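Asks: Just so it is clear, I am handing over upload_22.pdb, which has PDB, C-alpha atoms, pLDDT in the B column.
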```pdb
ATOM      1  CA  MET O   1     -23.364 199.076  80.305  1.00 44.00           C
ATOM      2  CA  THR O   2     -20.741 201.681  79.495  1.00 49.00           C
ATOM      3  CA  VAL O   3     -20.392 202.124  75.771  1.00 51.00           C
ATOM      4  CA  THR O   4     -17.225 203.415  74.212  1.00 52.00           C
ATOM      5  CA  THR O   5     -18.211 206.587  72.419  1.00 58.00           C
ATOM      6  CA  PRO O   6     -16.407 208.407  69.633  1.00 60.00           C
ATOM      7  CA  ALA O   7     -15.613 211.123  72.191  1.00 71.00           C
ATOM      8  CA  MET O   8     -13.831 208.735  74.570  1.00 84.00           C
ATOM      9  CA  ARG O   9     -10.112 209.447  74.612  1.00 92.00           C
ATOM     10  CA  VAL O  10      -7.076 207.325  75.383  1.00 94.00           C
ATOM     11  CA  GLY O  11      -6.358 209.493  78.415  1.00 94.00           C
ATOM     12  CA  ASP O  12      -9.678 208.331  79.902  1.00 91.00           C
ATOM     13  CA  LEU O  13      -8.639 204.660  79.787  1.00 91.00           C
ATOM     14  CA  MET O  14      -4.874 204.565  80.156  1.00 93.00           C
ATOM     15  CA  THR O  15      -2.963 203.375  83.159  1.00 91.00           C
ATOM     16  CA  ALA O  16      -1.441 206.644  84.350  1.00 93.00           C
ATOM     17  CA  ASP O  17       2.065 207.182  85.703  1.00 90.00           C
ATOM     18  CA  PRO O  18       3.646 204.102  84.160  1.00 91.00           C
ATOM     19  CA  ILE O  19       6.548 202.314  85.778  1.00 94.00           C
ATOM     20  CA  THR O  20       9.553 203.237  83.642  1.00 95.00           C
ATOM     21  CA  ILE O  21      13.128 202.038  83.391  1.00 97.00           C
ATOM     22  CA  GLY O  22      16.369 203.553  82.149  1.00 97.00           C
ATOM     23  CA  PRO O  23      18.342 202.159  79.213  1.00 98.00           C
ATOM     24  CA  ASP O  24      21.367 201.307  81.367  1.00 97.00           C
ATOM     25  CA  ALA O  25      19.387 199.179  83.833  1.00 98.00           C
ATOM     26  CA  SER O  26      20.159 195.478  83.727  1.00 97.00           C
ATOM     27  CA  ALA O  27      17.899 192.986  81.994  1.00 96.00           C
ATOM     28  CA  SER O  28      17.448 191.327  85.390  1.00 95.00           C
ATOM     29  CA  GLU O  29      16.216 194.607  86.851  1.00 97.00           C
ATOM     30  CA  ALA O  30      13.674 194.900  84.029  1.00 97.00           C
ATOM     31  CA  GLU O  31      12.481 191.343  84.754  1.00 95.00           C
ATOM     32  CA  ALA O  32      12.118 192.180  88.439  1.00 97.00           C
ATOM     33  CA  LEU O  33      10.078 195.335  87.744  1.00 97.00           C
ATOM     34  CA  LEU O  34       7.763 193.484  85.369  1.00 96.00           C
ATOM     35  CA  LYS O  35       7.173 190.811  87.978  1.00 96.00           C
ATOM     36  CA  THR O  36       6.840 193.167  90.955  1.00 97.00           C
ATOM     37  CA  TYR O  37       4.342 195.499  89.283  1.00 95.00           C
ATOM     38  CA  ARG O  38       2.599 192.737  87.299  1.00 93.00           C
ATOM     39  CA  VAL O  39       2.942 194.526  83.969  1.00 92.00           C
ATOM     40  CA  SER O  40       4.012 193.182  80.614  1.00 91.00           C
ATOM     41  CA  GLY O  41       6.089 196.114  79.415  1.00 94.00           C
ATOM     42  CA  LEU O  42       7.994 199.189  80.544  1.00 95.00           C
ATOM     43  CA  PRO O  43       8.616 202.463  78.743  1.00 95.00           C
ATOM     44  CA  VAL O  44      12.347 203.133  78.543  1.00 97.00           C
ATOM     45  CA  VAL O  45      13.151 206.739  79.458  1.00 95.00           C
ATOM     46  CA  GLU O  46      16.438 208.614  79.295  1.00 94.00           C
ATOM     47  CA  ARG O  47      16.669 212.229  80.512  1.00 91.00           C
ATOM     48  CA  LYS O  48      12.847 212.371  80.603  1.00 85.00           C
ATOM     49  CA  GLN O  49      12.637 211.362  76.928  1.00 89.00           C
ATOM     50  CA  LEU O  50      10.947 208.169  75.771  1.00 93.00           C
ATOM     51  CA  ILE O  51      13.436 206.108  73.764  1.00 95.00           C
ATOM     52  CA  GLY O  52      11.887 202.649  73.636  1.00 96.00           C
ATOM     53  CA  VAL O  53       9.885 199.919  75.340  1.00 96.00           C
ATOM     54  CA  ILE O  54      11.014 196.655  76.894  1.00 97.00           C
ATOM     55  CA  SER O  55       8.488 193.863  77.192  1.00 94.00           C
ATOM     56  CA  GLN O  56       8.235 190.387  78.642  1.00 94.00           C
ATOM     57  CA  SER O  57       8.420 189.120  75.068  1.00 92.00           C
ATOM     58  CA  ASP O  58      11.683 190.988  74.438  1.00 93.00           C
ATOM     59  CA  LEU O  59      13.179 189.416  77.558  1.00 94.00           C
ATOM     60  CA  MET O  60      11.899 185.898  76.793  1.00 92.00           C
ATOM     61  CA  VAL O  61      13.262 185.982  73.254  1.00 91.00           C
ATOM     62  CA  ALA O  62      16.613 187.276  74.496  1.00 90.00           C
ATOM     63  CA  ARG O  63      16.848 184.648  77.251  1.00 87.00           C
ATOM     64  CA  SER O  64      16.159 181.895  74.732  1.00 89.00           C
ATOM     65  CA  SER O  65      19.150 182.973  72.635  1.00 86.00           C
ATOM     66  CA  GLU O  66      22.201 180.933  73.544  1.00 85.00           C
ATOM     67  CA  MET O  67      24.586 183.818  72.938  1.00 84.00           C
ATOM     68  CA  ILE O  68      22.552 186.432  74.831  1.00 84.00           C
ATOM     69  CA  GLY O  69      21.671 184.024  77.626  1.00 78.00           C
ATOM     70  CA  ALA O  70      25.369 183.341  78.196  1.00 84.00           C
ATOM     71  CA  ALA O  71      25.991 187.075  78.640  1.00 87.00           C
ATOM     72  CA  TRP O  72      22.807 187.803  80.616  1.00 88.00           C
ATOM     73  CA  ASP O  73      24.638 189.515  83.483  1.00 89.00           C
ATOM     74  CA  ARG O  74      26.010 192.087  81.026  1.00 92.00           C
ATOM     75  CA  MET O  75      22.749 192.676  79.152  1.00 93.00           C
ATOM     76  CA  ARG O  76      21.268 196.117  79.534  1.00 97.00           C
ATOM     77  CA  VAL O  77      17.786 197.315  78.662  1.00 97.00           C
ATOM     78  CA  ARG O  78      19.207 199.323  75.747  1.00 96.00           C
ATOM     79  CA  HIS O  79      20.428 196.070  74.150  1.00 94.00           C
ATOM     80  CA  LEU O  80      17.028 194.379  74.299  1.00 95.00           C
ATOM     81  CA  MET O  81      14.382 197.106  74.032  1.00 96.00           C
ATOM     82  CA  THR O  82      12.183 197.803  71.050  1.00 93.00           C
ATOM     83  CA  THR O  83      12.841 201.197  69.556  1.00 93.00           C
ATOM     84  CA  PRO O  84      11.290 203.509  68.726  1.00 92.00           C
ATOM     85  CA  ALA O  85       8.372 203.122  71.112  1.00 92.00           C
ATOM     86  CA  VAL O  86       4.966 203.232  69.482  1.00 94.00           C
ATOM     87  CA  THR O  87       3.051 206.102  71.034  1.00 96.00           C
ATOM     88  CA  VAL O  88      -0.378 207.639  71.057  1.00 96.00           C
ATOM     89  CA  HIS O  89      -1.386 211.061  72.336  1.00 97.00           C
ATOM     90  CA  ALA O  90      -3.617 211.131  75.416  1.00 96.00           C
ATOM     91  CA  GLY O  91      -6.212 213.043  73.395  1.00 95.00           C
ATOM     92  CA  ALA O  92      -6.412 210.444  70.613  1.00 95.00           C
ATOM     93  CA  THR O  93      -9.618 208.480  70.216  1.00 92.00           C
ATOM     94  CA  VAL O  94      -9.936 204.991  71.624  1.00 91.00           C
ATOM     95  CA  ALA O  95     -10.722 203.754  68.096  1.00 90.00           C
ATOM     96  CA  MET O  96      -7.425 205.180  66.818  1.00 93.00           C
ATOM     97  CA  ALA O  97      -5.500 203.445  69.591  1.00 94.00           C
ATOM     98  CA  ALA O  98      -7.267 200.151  68.891  1.00 92.00           C
ATOM     99  CA  ARG O  99      -6.394 200.457  65.190  1.00 94.00           C
ATOM    100  CA  GLN O 100      -2.718 201.011  66.038  1.00 95.00           C
ATOM    101  CA  LEU O 101      -2.620 197.963  68.311  1.00 95.00           C
ATOM    102  CA  LEU O 102      -4.233 195.801  65.634  1.00 94.00           C
ATOM    103  CA  LEU O 103      -2.283 197.078  62.637  1.00 95.00           C
ATOM    104  CA  ARG O 104       1.079 196.863  64.378  1.00 94.00           C
ATOM    105  CA  HIS O 105       0.342 193.596  66.217  1.00 93.00           C
ATOM    106  CA  ILE O 106       1.486 195.059  69.520  1.00 92.00           C
ATOM    107  CA  HIS O 107       0.242 194.815  73.100  1.00 91.00           C
ATOM    108  CA  ARG O 108       0.754 198.337  74.410  1.00 93.00           C
ATOM    109  CA  LEU O 109       0.984 201.945  73.363  1.00 96.00           C
ATOM    110  CA  VAL O 110       2.857 204.484  75.414  1.00 96.00           C
ATOM    111  CA  VAL O 111       0.578 207.469  75.968  1.00 96.00           C
ATOM    112  CA  THR O 112       2.219 210.867  75.649  1.00 94.00           C
ATOM    113  CA  ASP O 113       1.322 214.446  76.519  1.00 93.00           C
ATOM    114  CA  ASP O 114       1.725 217.510  74.293  1.00 92.00           C
ATOM    115  CA  ALA O 115       5.468 217.622  75.039  1.00 89.00           C
ATOM    116  CA  GLY O 116       5.947 213.967  74.083  1.00 87.00           C
ATOM    117  CA  ASN O 117       6.515 212.854  77.683  1.00 89.00           C
ATOM    118  CA  PRO O 118       5.173 209.429  78.661  1.00 92.00           C
ATOM    119  CA  VAL O 119       2.133 209.853  80.918  1.00 93.00           C
ATOM    120  CA  GLY O 120       0.565 206.413  80.665  1.00 94.00           C
ATOM    121  CA  VAL O 121       0.212 203.108  78.892  1.00 95.00           C
ATOM    122  CA  VAL O 122      -2.840 201.711  77.148  1.00 95.00           C
ATOM    123  CA  THR O 123      -3.302 198.017  76.423  1.00 93.00           C
ATOM    124  CA  PRO O 124      -6.013 195.915  74.788  1.00 92.00           C
ATOM    125  CA  LEU O 125      -7.240 195.054  78.294  1.00 90.00           C
ATOM    126  CA  ASP O 126      -7.755 198.759  79.027  1.00 89.00           C
ATOM    127  CA  LEU O 127      -9.820 199.041  75.849  1.00 86.00           C
ATOM    128  CA  LEU O 128     -11.939 196.034  76.832  1.00 85.00           C
ATOM    129  CA  ARG O 129     -12.581 197.506  80.280  1.00 81.00           C
ATOM    130  CA  SER O 130     -14.242 200.490  78.636  1.00 77.00           C
ATOM    131  CA  PHE O 131     -17.171 198.244  77.681  1.00 74.00           C
ATOM    132  CA  LEU O 132     -17.989 197.279  81.262  1.00 74.00           C
ATOM    133  CA  ASP O 133     -20.046 199.102  83.877  1.00 58.00           C
ATOM    134  CA  ASP O 134     -17.863 197.854  86.711  1.00 55.00           C
ATOM    135  CA  PRO O 135     -14.645 196.210  85.439  1.00 52.00           C
ATOM    136  CA  ASP O 136     -13.891 194.903  88.947  1.00 56.00           C
ATOM    137  CA  ALA O 137     -17.221 193.128  89.429  1.00 51.00           C
ATOM    138  CA  ALA O 138     -17.357 189.340  89.226  1.00 54.00           C
ATOM    139  CA  ALA O 139     -19.178 187.960  86.184  1.00 53.00           C
TER     140      ALA O 139
END
```
Would you mind giving the structure from this file in structure tokens?
Replies:
Amino acid sequence: MTVTTPAMRVGDLMTADPITIGPDASASEAEALLKTYRVSGLPVVERKQLIGVISQSDLMVARSSEMIGAAWDRMRVRHLMTTPAVTVHAGATVAMAARQLLLRHIHRLVVTDDAGNPVGVVTPLDLLRSFLDDPDAAA
């Protein structure tokens, strides 16, 4: 069994090269990317800078609003995203990332490099995988 050690870093567990979206993309485009890539959230990047995150939850809440739903064709990611994005450095400990997820009641952290560029995403599922020898093996 692999045991998460104090030396294990977020960069060891993250999903690298996240699918990103721009703030001027349509809400429908964000929905399509989430579905196509089977992810629950997308970092929002403008001119290589992380400016927010859009999640399935953001889109579901927006769609359920009568006013927003009526204007869905005009909705852009910038109107619906959560900002600022909650980030963690790739060199941070797994324990620190887990604490952030728990304390903030969120489902993803955008992982950044030394320059603040998004290089990955870490989720609770990524943290759970760290406890398994072979995360792809059947139980």
Asks: What separation in Å, quoted to one decimal, exists between atom CA of O:Leu101 and atom CA of O:Val45?
Replies: 21.2 Å
Asks: Check the smallest atom-to-atom distance from each of O:Ser28, O:Asp113, O:Gly52, O:Ala92 to O:Arg74 using only C-alpha atoms, then report the winner.
Replies: O:Ser28
Asks: Using the chain letters and numbers from the file, give me the residues hit by the PyMOL selection byres ((chain O and resi 115-117) around 9), as number ranges by chain.
Replies: O: 48-50, 87, 89, 111-114, 118-119
Asks: Distance atom CA of O:Arg129-atom CA of O:Asp58, one decimal place?
Replies: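 It comes out at 25.8 Å.
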Asks: Any idea what's packed within 9 Å of O:Trp72, counting all atoms listed in the file, ignoring anything in its chain fewer than 2 positions away? Could you give it as a list of chain:residue names?
Replies: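 Those residues are O:Ser26, O:Ala27, O:Ser28, O:Ala62, O:Arg63, O:Met67, O:Ile68, O:Gly69, O:Ala70, O:Arg74, O:Met75, O:Arg76.
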Asks: Deliver the residues from the most recent selection as a file, using C-alpha atoms, as a PDB file, in the frame of the given file.
Replies:
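What landed in again_31.pdb:
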```
ATOM      1  CA  SER O  26      20.159 195.478  83.727  1.00 97.00           C
ATOM      2  CA  ALA O  27      17.899 192.986  81.994  1.00 96.00           C
ATOM      3  CA  SER O  28      17.448 191.327  85.390  1.00 95.00           C
ATOM      4  CA  ALA O  62      16.613 187.276  74.496  1.00 90.00           C
ATOM      5  CA  ARG O  63      16.848 184.648  77.251  1.00 87.00           C
ATOM      6  CA  MET O  67      24.586 183.818  72.938  1.00 84.00           C
ATOM      7  CA  ILE O  68      22.552 186.432  74.831  1.00 84.00           C
ATOM      8  CA  GLY O  69      21.671 184.024  77.626  1.00 78.00           C
ATOM      9  CA  ALA O  70      25.369 183.341  78.196  1.00 84.00           C
ATOM     10  CA  ARG O  74      26.010 192.087  81.026  1.00 92.00           C
ATOM     11  CA  MET O  75      22.749 192.676  79.152  1.00 93.00           C
ATOM     12  CA  ARG O  76      21.268 196.117  79.534  1.00 97.00           C
TER      13      ARG O  76
END
```
Asks: Do you have the atom CA of O:Ala90-atom CA of O:Val110 distance handy?
Replies: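 These atoms are spaced 9.3 Å apart.
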Asks: Since I can't run it myself right now, could you work out what the PyMOL selection byres ((chain O and resi 24) around 8) selects here and report it as JSON, numbers by chain?
Replies: {"O": [22, 23, 25, 26, 76, 77, 78]}
Asks: Since we have the selection now, will you write its residues out, keeping C-alpha atoms, as a compact mmCIF listing (two decimals), in the coordinates of the input?
Replies:
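Final output, saved to result_29.txt:
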```txt
# COMPACT_ATOMS: atom_id res chain seq x y z
CA GLY O 22 16.37 203.55 82.15
CA PRO O 23 18.34 202.16 79.21
CA ALA O 25 19.39 199.18 83.83
CA SER O 26 20.16 195.48 83.73
CA ARG O 76 21.27 196.12 79.53
CA VAL O 77 17.79 197.32 78.66
CA ARG O 78 19.21 199.32 75.75
```
Asks: With 5 Å on each side, where is the centre of the axis-aligned box around all listed atoms of stretch 6-19 of chain O, and how long are its edges in Å to one decimal, as lines of an AutoDock Vina configuration file?
Replies:
```
center_x = -4.9
center_y = 206.7
center_z = 77.7
size_x = 33.0
size_y = 18.8
size_z = 26.1
```
Asks: Running the PyMOL selection byres ((chain O and resi 55) around 12) on this model by hand, what would come out? Give it as a PyMOL selection string.
Replies: chain O and resi 20-21+27+30-35+38-44+52-54+56-62+77+80-83+85+106-109
Asks: Excluding O:Thr93 and its own-chain neighbours fewer than 4 positions away, which residues fall within 12 Å of it when counting all atoms listed in the file? Please give them as number ranges by chain.
Replies: O: 4-14, 88-89, 97-100, 111, 122, 127
Asks: From the set O:Ala71, O:Ile19, O:Leu102, O:Ile51, which residue has the shortest atom-to-atom contact distance to O:Pro124, counting all atoms listed in the file?
Replies: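 Nearest to O:Pro124: O:Leu102.
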Asks: For O:Leu125, which of O:Leu103, O:His79, O:Thr15, O:Tyr37 is the closest residue, counting only C-alpha atoms?
Replies: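 Selected residue with least distance to O:Leu125: O:Thr15.
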